[in-house]
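Engineer: Below is the file query_37.txt, with compact mmCIF, C-alpha atoms.
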```
# COMPACT_ATOMS: atom_id res chain seq x y z
CA MET A 22 -56.66 -57.24 -16.37
CA PRO A 23 -53.32 -58.78 -17.31
CA GLU A 24 -50.38 -56.51 -17.54
CA THR A 25 -48.81 -55.73 -20.86
CA THR A 26 -45.09 -55.49 -21.19
CA ALA A 27 -42.71 -55.15 -24.09
CA LEU A 28 -42.32 -58.93 -24.13
CA SER A 29 -46.02 -59.78 -24.08
CA PRO A 30 -48.39 -58.32 -26.63
CA ARG A 31 -51.46 -56.44 -25.67
CA PHE A 32 -53.65 -59.09 -27.26
CA PRO A 33 -52.33 -62.61 -26.75
CA LYS A 34 -52.01 -64.72 -29.92
CA ARG A 35 -54.68 -67.34 -30.44
CA ARG A 36 -53.66 -70.69 -31.76
CA LEU A 37 -55.64 -71.51 -34.93
CA ALA A 38 -57.32 -74.90 -35.05
CA SER A 39 -55.68 -76.99 -37.81
CA PHE A 40 -54.68 -80.50 -38.75
CA THR A 41 -51.12 -81.67 -38.62
CA LEU A 42 -49.46 -83.26 -41.62
CA ILE A 43 -49.56 -86.68 -39.93
CA GLU A 44 -53.31 -86.42 -39.37
CA LEU A 45 -53.91 -85.46 -43.01
CA LEU A 46 -51.77 -88.35 -44.30
CA THR A 47 -53.57 -90.80 -42.01
CA VAL A 48 -56.99 -89.71 -43.29
CA MET A 49 -55.80 -89.93 -46.92
CA ALA A 50 -54.45 -93.45 -46.33
CA ILE A 51 -57.76 -94.57 -44.81
CA ILE A 52 -59.69 -93.14 -47.76
CA ALA A 53 -57.34 -94.89 -50.22
CA ILE A 54 -57.81 -98.24 -48.45
CA LEU A 55 -61.60 -97.88 -48.46
CA ALA A 56 -61.62 -96.90 -52.14
CA GLY A 57 -59.52 -99.97 -52.96
CA LEU A 58 -61.93 -102.24 -51.11
CA ILE A 59 -64.91 -100.74 -52.93
CA LEU A 60 -63.23 -101.15 -56.35
CA TYR A 61 -62.30 -104.76 -55.55
CA ALA A 62 -65.86 -105.57 -54.48
CA GLY A 63 -67.23 -103.73 -57.52
CA SER A 64 -65.20 -105.81 -59.95
CA GLY A 65 -66.66 -108.97 -58.42
CA VAL A 66 -70.16 -107.59 -58.78
CA MET A 67 -69.48 -106.70 -62.45
CA LEU A 68 -68.19 -110.21 -63.17
CA LYS A 69 -71.26 -111.75 -61.55
CA ALA A 70 -73.53 -109.45 -63.59
CA LYS A 71 -71.80 -110.46 -66.83
CA ARG A 72 -72.10 -114.14 -66.01
CA SER A 73 -75.78 -113.70 -65.16
CA ARG A 74 -76.41 -111.84 -68.42
CA ALA A 75 -74.61 -114.51 -70.44
CA SER A 76 -76.67 -117.27 -68.79
CA SER A 77 -79.90 -115.39 -69.55
CA GLU A 78 -78.89 -114.86 -73.17
CA ILE A 79 -78.00 -118.54 -73.58
CA GLN A 80 -81.39 -119.51 -72.17
CA ALA A 81 -83.20 -117.07 -74.49
CA MET A 82 -81.29 -118.31 -77.55
CA SER A 83 -81.94 -121.92 -76.55
CA THR A 84 -85.66 -121.20 -76.47
CA ALA A 85 -85.44 -119.49 -79.87
CA LEU A 86 -83.53 -122.48 -81.27
CA GLU A 87 -86.29 -124.82 -80.08
CA GLY A 88 -88.80 -122.65 -81.94
CA TYR A 89 -86.59 -122.81 -85.05
CA LYS A 90 -86.45 -126.61 -84.83
CA THR A 91 -90.22 -126.83 -84.37
CA ASP A 92 -90.75 -124.91 -87.62
CA ASN A 93 -87.87 -126.37 -89.67
CA GLY A 94 -87.30 -129.86 -88.30
CA ILE A 95 -83.63 -129.22 -87.46
CA TYR A 96 -81.54 -126.74 -85.51
CA PRO A 97 -79.62 -124.25 -87.65
CA PRO A 98 -76.55 -126.18 -88.90
CA ALA A 99 -73.25 -124.83 -87.58
CA SER A 100 -69.92 -124.59 -89.38
CA ASN A 101 -67.90 -126.59 -86.89
CA MET A 102 -67.48 -129.99 -85.33
CA LEU A 103 -67.63 -130.66 -81.63
CA THR A 104 -64.13 -131.94 -81.00
CA ASN A 105 -61.65 -131.56 -78.21
CA ALA A 106 -59.57 -129.40 -80.56
CA TYR A 107 -62.37 -126.90 -81.19
CA ALA A 108 -61.24 -124.37 -78.58
CA ALA A 109 -57.51 -125.01 -78.95
CA ASN A 110 -57.56 -124.41 -82.72
CA ASP A 111 -59.53 -121.20 -82.40
CA GLY A 112 -57.14 -118.74 -80.80
CA SER A 113 -59.69 -115.95 -80.46
CA GLN A 114 -63.36 -116.26 -79.67
CA SER A 115 -63.89 -113.18 -81.84
CA GLY A 116 -62.66 -114.93 -84.94
CA GLY A 117 -62.37 -118.29 -86.63
CA LEU A 118 -64.92 -121.04 -86.03
CA TYR A 119 -66.50 -119.31 -83.04
CA GLN A 120 -67.34 -116.23 -85.04
CA LEU A 121 -68.48 -118.12 -88.14
CA SER A 122 -70.81 -120.33 -86.11
CA SER A 123 -72.10 -117.32 -84.21
CA GLN A 124 -72.84 -115.58 -87.54
CA LEU A 125 -74.86 -118.58 -88.70
CA LEU A 126 -76.71 -118.58 -85.38
CA TYR A 127 -77.51 -114.86 -85.75
CA GLN A 128 -78.72 -115.26 -89.33
CA ALA A 129 -81.00 -118.15 -88.41
CA LEU A 130 -82.57 -116.50 -85.36
CA ALA A 131 -82.77 -112.87 -86.57
CA SER A 132 -83.44 -113.61 -90.29
CA GLN A 133 -80.89 -111.03 -91.40
CA THR A 134 -77.20 -111.05 -92.30
CA ASN A 135 -76.30 -107.99 -90.28
CA PHE A 136 -77.89 -105.91 -87.55
CA THR A 137 -78.57 -102.90 -89.75
CA ALA A 138 -80.19 -104.91 -92.58
CA THR A 139 -83.88 -105.48 -93.06
CA PRO A 140 -85.08 -109.00 -92.12
CA THR A 141 -85.33 -111.26 -95.17
CA GLY A 142 -89.00 -112.03 -94.61
CA ALA A 143 -88.39 -115.35 -92.87
CA LYS A 144 -89.65 -115.73 -89.33
CA VAL A 145 -87.69 -113.84 -86.68
CA TYR A 146 -87.11 -116.18 -83.74
CA MET A 147 -85.23 -113.71 -81.56
CA SER A 148 -84.63 -109.97 -81.60
CA PHE A 149 -81.19 -108.86 -80.46
CA LYS A 150 -80.02 -105.59 -78.92
CA ALA A 151 -77.04 -103.71 -80.34
CA ASN A 152 -74.83 -104.58 -77.35
CA GLN A 153 -75.37 -108.31 -78.09
CA ILE A 154 -74.01 -108.00 -81.63
CA GLY A 155 -70.48 -107.86 -83.00
CA ASP A 156 -69.86 -106.08 -86.32
CA LEU A 157 -73.24 -104.33 -86.54
CA THR A 158 -72.98 -103.52 -90.26
CA GLY A 159 -71.21 -106.72 -91.32
CA ALA A 160 -68.55 -104.66 -93.07
CA VAL A 161 -65.62 -106.20 -91.19
CA THR A 162 -66.50 -109.89 -90.99
CA GLY A 163 -69.13 -110.25 -93.72
CA GLY A 164 -72.01 -110.48 -91.27
CA SER A 165 -73.06 -109.66 -87.73
CA TYR A 166 -72.54 -112.26 -85.02
CA VAL A 167 -73.88 -112.80 -81.51
CA GLN A 168 -71.38 -111.83 -78.83
CA ASP A 169 -71.33 -112.43 -75.10
CA PRO A 170 -70.88 -109.71 -72.44
CA TRP A 171 -67.08 -110.02 -72.80
CA ALA A 172 -67.34 -109.15 -76.55
CA TYR A 173 -66.42 -112.70 -77.63
CA SER A 174 -68.51 -114.76 -80.01
CA TYR A 175 -70.80 -117.35 -78.47
CA GLY A 176 -69.81 -120.92 -79.28
CA TYR A 177 -72.47 -122.84 -81.20
CA SER A 178 -72.30 -126.37 -82.56
CA THR A 179 -74.63 -129.03 -83.90
CA ALA A 180 -72.02 -131.64 -84.88
CA THR A 181 -71.13 -134.74 -82.91
CA ASN A 182 -67.88 -136.39 -83.87
CA SER A 183 -64.29 -135.64 -84.76
CA ALA A 184 -64.10 -137.88 -87.85
CA GLY A 185 -65.30 -135.10 -90.12
CA LEU A 186 -68.81 -136.53 -90.34
CA THR A 187 -71.88 -134.70 -89.13
CA PRO A 188 -74.63 -137.30 -88.80
CA TYR A 189 -76.81 -135.06 -86.68
CA ASN A 190 -76.21 -131.74 -88.49
CA GLY A 191 -78.80 -130.02 -86.35
CA ALA A 192 -81.32 -132.84 -86.20
CA GLY A 193 -80.34 -134.21 -82.80
CA PHE A 194 -79.05 -131.52 -80.50
CA PHE A 195 -77.11 -128.28 -80.23
CA ASP A 196 -74.48 -126.90 -77.90
CA LEU A 197 -74.39 -123.20 -77.08
CA TRP A 198 -71.83 -121.67 -74.74
CA SER A 199 -69.85 -118.63 -73.63
CA THR A 200 -66.23 -118.97 -72.55
CA GLY A 201 -66.93 -116.63 -69.64
CA GLY A 202 -64.39 -114.09 -70.88
CA LEU A 203 -61.52 -116.58 -71.06
CA LYS A 204 -59.26 -116.90 -74.09
CA ALA A 205 -59.36 -120.30 -75.76
CA ALA A 206 -55.73 -120.90 -74.84
CA GLN A 207 -56.77 -120.86 -71.16
CA ALA A 208 -59.45 -123.45 -71.96
CA ASN A 209 -60.85 -123.63 -68.43
CA THR A 210 -64.14 -125.16 -69.46
CA ASN A 211 -65.31 -125.19 -65.83
CA ALA A 212 -65.70 -121.40 -66.08
CA TRP A 213 -67.75 -121.62 -69.28
CA LEU A 214 -71.48 -120.91 -69.28
CA SER A 215 -73.55 -123.23 -71.44
CA ASN A 216 -76.90 -124.77 -72.22
CA TRP A 217 -75.76 -128.19 -70.97
CA GLN A 218 -75.01 -127.17 -67.37
```
Would it be possible to restate this file's structure as structure tokens?
Structural biologist:
Amino acid sequence: MPETTALSPRFPKRRLASFTLIELLTVMAIIAILAGLILYAGSGVMLKAKRSRASSEIQAMSTALEGYKTDNGIYPPASNMLTNAYAANDGSQSGGLYQLSSQLLYQALASQTNFTATPTGAKVYMSFKANQIGDLTGAVTGGSYVQDPWAYSYGYSTATNSAGLTPYNGAGFFDLWSTGGLKAAQANTNAWLSNWQ
């Protein structure tokens, strides 16, 4: 049995197991780095999911437009011309020509002016979900419009030239696209999703 003196206690002190400040900071730094990597990878997955959804919606609307043309002889006429200035003149895809054309597209395919209205009795070529529609009641813009996963209006056009004439006016073809979340001023058409790709 060890001797006890005035300088040594009867029961020797036990050192408690604990982490040092350096060890705690190192673990916190590792966790922060891993969280950053997960968030970075997650944003890429979200972008890919949005692009996939937009492509699927464009395909579904294209099919509905073909059904519309079969019944009516033309595609629903749009309010715009296909010109090089189309995107540059329309500063926001949630307004201007994009939104007006997207409203006409919605009215033709859903047979109603806004999402909360009753269909007019004409044939419904496509049913939309609430998250695909901008201005559900039509109170802000005068009518609901089809929006892409980035909450911008889809681009829709049936015109063909920049001289102000519309010889096709829905009889020949249509173009339907999403800007992929880009503002028109960025105009990187390579990132757009469309029915012609």
Engineer: Which residue is closest to Asn152 of chain A? Choose from A:Thr200, A:Arg74, A:Leu214, A:Phe195 and count all atoms listed in the file.
Structural biologist: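 Nearest candidate to Asn152 of chain A out of A:Thr200, A:Arg74, A:Leu214, A:Phe195: A:Arg74.
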Engineer: Counting all atoms listed in the file, which of A:Val161, A:Glu78, A:Leu58, A:Val167 gets nearest to Ser215 of chain A?
Structural biologist: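 Of A:Val161, A:Glu78, A:Leu58, A:Val167, the one nearest Ser215 of chain A, counting all atoms listed in the file, is A:Glu78.
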Engineer: Of the candidates A:Leu197, A:Ala160, A:Ala56, A:Ala62, which one gets nearest to Ser76 of chain A if we count all atoms listed in the file?
Structural biologist: A:Leu197
Engineer: Mind checking which residues fall within 12 Å of Ala129 of chain A, counting only C-alpha atoms, ignoring those fewer than 6 positions away in the same chain, and posting them as a list in words?
Structural biologist: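 Here the qualifying residues turn out to be Met82, Ala85, Leu86, Glu87, Gly88, Tyr89, Lys90, Asp92, Asn93, Ile95, Tyr96, Pro97, Pro98, Ala99, Ser122, Ser123, Asn135, Pro140, Thr141, Gly142, Ala143, Lys144, Val145, Tyr146, Met147, Ser148, Ser165, Tyr166 and Val167 of chain A.
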Engineer: Just give me the gap between atom CA of Gly202 of chain A and atom CA of Ser174 of chain A in Å, one decimal is fine.
Structural biologist: 10.0 Å
Engineer: One decimal, in Å: what's the spacing between atom CA of Tyr175 of chain A and atom CA of Thr91 of chain A?
Structural biologist: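 So the two atoms, atom CA of Tyr175 of chain A and atom CA of Thr91 of chain A, lie 22.4 Å apart.
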